[in-house]
Amino acid sequence: MTLVFSGADTPGTNYTHAPTDNTNGSGGRLDINAPTTGLWSGVAIYQDPSLTRGLDVAAAGNSPTWNISGLIYMPHASVTLNGAVDKAAHGQSCVVMVADNFTISGTAGILQTDIGNCGGAGLTMPTATVAARSQLVQ
């Protein structure tokens with residue numbers, strides 16, 4: 001399954017275009033195995049890049065627990081996790097995140113039990129070419 005977050009991006013609206021858990025407290029679970037074929041192959045969560053509001057994610061103490069296999073595409077979001085991200089119950093060991101910035105703290109970790117199998121999850125890994133590297137000036 002692929003979760004797609006899109007919709008109204010109008011000033012004054014209070015929509016959240018990201019996964020949240022407001023009902024079950026610490027018992028929430030986000031268990032997503034991305035499709036392995038087709039248009040959304042390898043994509044677990046997709047946040048429309050034209051959105052500018054309600055994008056950020058903050059999950060603490062595994063609330064909700066993130067068990068995801070595939071790409072998490074949130075290009076303009078600030079993502080803060082204080083819990084572990086592991087593979088979906090029936091998915092491959094593959095978690096790739098594209099976000100504006102990402103903070104992980106506490107006892108958090110990503111795929112601490114497996115080394116990854118993104119090809120098996122249907123995901124072709126994203127790549128980028130960096131023209132030059134910065135240097136520290138003394």
# chains A, B, ... in the order shown; residues from 1 in each chain; ligands from 1
>>> residues_around(residues="Ala59 of chain A", least_positions_apart="5", cutoff="8 Å", atoms="only C-alpha atoms", output="VMD selection string")
chain A and resid 64 80 to 83
>>> closest_residue(among="A:Met74, A:Val4, A:Ile68, A:Val57", to="Lys87 of chain A", atoms="only C-alpha atoms")
A:Ile68
>>> closest_residue(among="A:Thr2, A:Ser105, A:Thr13, A:Gln92", to="Asn117 of chain A", atoms="only C-alpha atoms")
A:Gln92
>>> select_by_dssp(residues="segment 25-125 of chain A", states="strand (DSSP E or B)", output="number ranges by chain")
A: 29-33, 43-47, 57-60, 63, 65-81, 85-86, 95-104, 110
>>> residues_around(residues="Trp66 of chain A", least_positions_apart="2", cutoff="7 Å", atoms="only C-alpha atoms", output="ChimeraX atom specification")
/A:29-31,64,68,85-86
>>> write_last_selection(atoms="N, CA and C atoms", output="mmCIF file, in the first residue's frame")
data_model
loop_
_atom_site.group_PDB
_atom_site.id
_atom_site.type_symbol
_atom_site.label_atom_id
_atom_site.label_comp_id
_atom_site.auth_asym_id
_atom_site.auth_seq_id
_atom_site.Cartn_x
_atom_site.Cartn_y
_atom_site.Cartn_z
ATOM 1 N N ARG A 29 0.080 2.004 15.483
ATOM 2 C CA ARG A 29 1.080 1.315 14.669
ATOM 3 C C ARG A 29 0.871 1.697 13.215
ATOM 4 N N LEU A 30 1.938 2.107 12.563
ATOM 5 C CA LEU A 30 1.942 2.406 11.141
ATOM 6 C C LEU A 30 2.710 1.272 10.480
ATOM 7 N N ASP A 31 2.000 0.304 9.911
ATOM 8 C CA ASP A 31 2.608 -0.901 9.347
ATOM 9 C C ASP A 31 2.299 -0.922 7.852
ATOM 10 N N PRO A 64 3.132 6.982 16.864
ATOM 11 C CA PRO A 64 2.910 5.558 16.598
ATOM 12 C C PRO A 64 4.204 4.830 16.260
ATOM 13 N N ILE A 68 7.766 0.172 8.423
ATOM 14 C CA ILE A 68 7.578 0.571 7.032
ATOM 15 C C ILE A 68 8.630 -0.092 6.156
ATOM 16 N N VAL A 85 12.403 2.753 13.738
ATOM 17 C CA VAL A 85 11.721 2.486 12.480
ATOM 18 C C VAL A 85 12.211 1.117 12.022
ATOM 19 N N ASP A 86 11.279 0.197 11.815
ATOM 20 C CA ASP A 86 11.647 -1.149 11.404
ATOM 21 C C ASP A 86 10.832 -1.509 10.173
#
>>> decode(residues="segment 67-103 of chain A", atoms="N, CA, C and O atoms", output="CSV table (one decimal), in the first residue's frame")
chain,number,residue,atom,x,y,z
A,67,ASN,N,6.5,0.8,11.3
A,67,ASN,CA,7.0,-0.4,10.7
A,67,ASN,C,6.8,-0.2,9.2
A,67,ASN,O,5.6,-0.5,8.7
A,68,ILE,N,7.8,0.2,8.4
A,68,ILE,CA,7.6,0.6,7.0
A,68,ILE,C,8.6,-0.1,6.2
A,68,ILE,O,9.8,-0.1,6.5
A,69,SER,N,8.2,-0.6,5.0
A,69,SER,CA,9.1,-1.1,4.0
A,69,SER,C,8.9,-0.3,2.7
A,69,SER,O,7.8,-0.3,2.2
A,70,GLY,N,9.9,0.4,2.4
A,70,GLY,CA,9.9,1.3,1.1
A,70,GLY,C,10.3,2.7,1.4
A,70,GLY,O,10.9,3.0,2.4
A,71,LEU,N,10.0,3.5,0.4
A,71,LEU,CA,10.4,4.9,0.4
A,71,LEU,C,9.4,5.8,1.2
A,71,LEU,O,8.2,5.6,1.0
A,72,ILE,N,10.0,6.6,2.0
A,72,ILE,CA,9.2,7.6,2.7
A,72,ILE,C,9.6,9.0,2.1
A,72,ILE,O,10.7,9.5,2.3
A,73,TYR,N,8.7,9.5,1.2
A,73,TYR,CA,9.0,10.7,0.5
A,73,TYR,C,8.3,11.9,1.0
A,73,TYR,O,7.1,12.0,0.9
A,74,MET,N,9.0,12.7,1.8
A,74,MET,CA,8.4,13.9,2.4
A,74,MET,C,9.4,15.1,2.2
A,74,MET,O,10.1,15.5,3.1
A,75,PRO,N,9.5,15.6,1.0
A,75,PRO,CA,10.6,16.4,0.6
A,75,PRO,C,10.7,17.8,1.3
A,75,PRO,O,11.8,18.4,1.4
A,76,HIS,N,9.7,18.3,1.9
A,76,HIS,CA,9.7,19.6,2.6
A,76,HIS,C,9.4,19.5,4.1
A,76,HIS,O,9.2,20.5,4.7
A,77,ALA,N,9.4,18.3,4.6
A,77,ALA,CA,9.0,18.0,6.0
A,77,ALA,C,10.2,18.0,6.9
A,77,ALA,O,11.3,17.6,6.5
A,78,SER,N,10.0,18.4,8.1
A,78,SER,CA,10.9,18.2,9.2
A,78,SER,C,10.4,17.0,10.0
A,78,SER,O,9.3,16.9,10.4
A,79,VAL,N,11.2,15.9,10.0
A,79,VAL,CA,10.8,14.7,10.6
A,79,VAL,C,11.7,14.4,11.9
A,79,VAL,O,12.9,14.4,11.8
A,80,THR,N,11.0,14.3,13.0
A,80,THR,CA,11.7,14.0,14.3
A,80,THR,C,11.1,12.7,14.9
A,80,THR,O,9.9,12.6,15.1
A,81,LEU,N,12.0,11.7,15.1
A,81,LEU,CA,11.6,10.4,15.6
A,81,LEU,C,12.4,10.1,16.9
A,81,LEU,O,13.6,10.2,16.9
A,82,ASN,N,11.7,9.7,17.9
A,82,ASN,CA,12.3,9.3,19.1
A,82,ASN,C,12.1,7.8,19.4
A,82,ASN,O,12.2,7.3,20.4
A,83,GLY,N,11.7,7.1,18.3
A,83,GLY,CA,11.4,5.7,18.4
A,83,GLY,C,12.0,5.0,17.2
A,83,GLY,O,12.5,5.6,16.2
A,84,ALA,N,12.0,3.7,17.2
A,84,ALA,CA,12.7,2.9,16.1
A,84,ALA,C,11.8,2.8,14.9
A,84,ALA,O,10.6,2.9,15.0
A,85,VAL,N,12.4,2.8,13.7
A,85,VAL,CA,11.7,2.5,12.5
A,85,VAL,C,12.2,1.1,12.0
A,85,VAL,O,13.4,0.9,11.9
A,86,ASP,N,11.3,0.2,11.8
A,86,ASP,CA,11.6,-1.1,11.4
A,86,ASP,C,10.8,-1.5,10.2
A,86,ASP,O,10.0,-0.7,9.7
A,87,LYS,N,11.1,-2.7,9.6
A,87,LYS,CA,10.4,-3.1,8.4
A,87,LYS,C,8.9,-3.5,8.7
A,87,LYS,O,8.6,-3.8,9.9
A,88,ALA,N,8.1,-3.4,7.7
A,88,ALA,CA,6.7,-3.8,7.8
A,88,ALA,C,6.6,-5.3,8.2
A,88,ALA,O,7.5,-6.1,7.9
A,89,ALA,N,5.5,-5.7,8.8
A,89,ALA,CA,5.3,-7.0,9.2
A,89,ALA,C,5.5,-8.0,8.1
A,89,ALA,O,6.0,-9.1,8.3
A,90,HIS,N,5.1,-7.7,6.9
A,90,HIS,CA,5.2,-8.6,5.7
A,90,HIS,C,6.0,-8.0,4.6
A,90,HIS,O,5.9,-8.4,3.5
A,91,GLY,N,6.9,-7.1,5.0
A,91,GLY,CA,7.7,-6.4,4.0
A,91,GLY,C,9.2,-6.8,4.0
A,91,GLY,O,9.7,-7.5,4.9
A,92,GLN,N,9.9,-6.3,3.1
A,92,GLN,CA,11.4,-6.4,3.0
A,92,GLN,C,12.1,-5.4,3.9
A,92,GLN,O,11.5,-4.4,4.4
A,93,SER,N,13.3,-5.7,4.2
A,93,SER,CA,14.1,-4.7,5.1
A,93,SER,C,14.6,-3.6,4.2
A,93,SER,O,15.6,-3.7,3.5
A,94,CYS,N,13.8,-2.5,4.1
A,94,CYS,CA,14.1,-1.4,3.3
A,94,CYS,C,13.4,-0.1,3.8
A,94,CYS,O,12.2,-0.1,3.8
A,95,VAL,N,14.2,0.8,4.2
A,95,VAL,CA,13.6,2.1,4.6
A,95,VAL,C,14.5,3.2,4.0
A,95,VAL,O,15.7,3.2,4.3
A,96,VAL,N,13.9,4.0,3.2
A,96,VAL,CA,14.7,5.1,2.6
A,96,VAL,C,13.8,6.4,2.8
A,96,VAL,O,12.6,6.4,2.6
A,97,MET,N,14.4,7.4,3.4
A,97,MET,CA,13.7,8.6,3.7
A,97,MET,C,14.2,9.8,2.9
A,97,MET,O,15.4,10.0,2.9
A,98,VAL,N,13.3,10.5,2.3
A,98,VAL,CA,13.7,11.8,1.6
A,98,VAL,C,12.9,12.8,2.3
A,98,VAL,O,11.7,12.8,2.3
A,99,ALA,N,13.6,13.7,3.1
A,99,ALA,CA,12.9,14.8,3.8
A,99,ALA,C,13.8,16.0,3.8
A,99,ALA,O,15.0,15.9,3.5
A,100,ASP,N,13.2,17.2,4.2
A,100,ASP,CA,14.0,18.4,4.3
A,100,ASP,C,15.1,18.2,5.4
A,100,ASP,O,16.2,18.6,5.2
A,101,ASN,N,14.6,17.8,6.5
A,101,ASN,CA,15.6,17.5,7.6
A,101,ASN,C,15.0,16.4,8.5
A,101,ASN,O,13.8,16.2,8.5
A,102,PHE,N,15.9,15.6,9.1
A,102,PHE,CA,15.5,14.4,9.8
A,102,PHE,C,16.3,14.4,11.1
A,102,PHE,O,17.6,14.5,11.1
A,103,THR,N,15.6,14.2,12.2
A,103,THR,CA,16.3,14.1,13.5
A,103,THR,C,15.8,12.8,14.2
A,103,THR,O,14.6,12.6,14.3
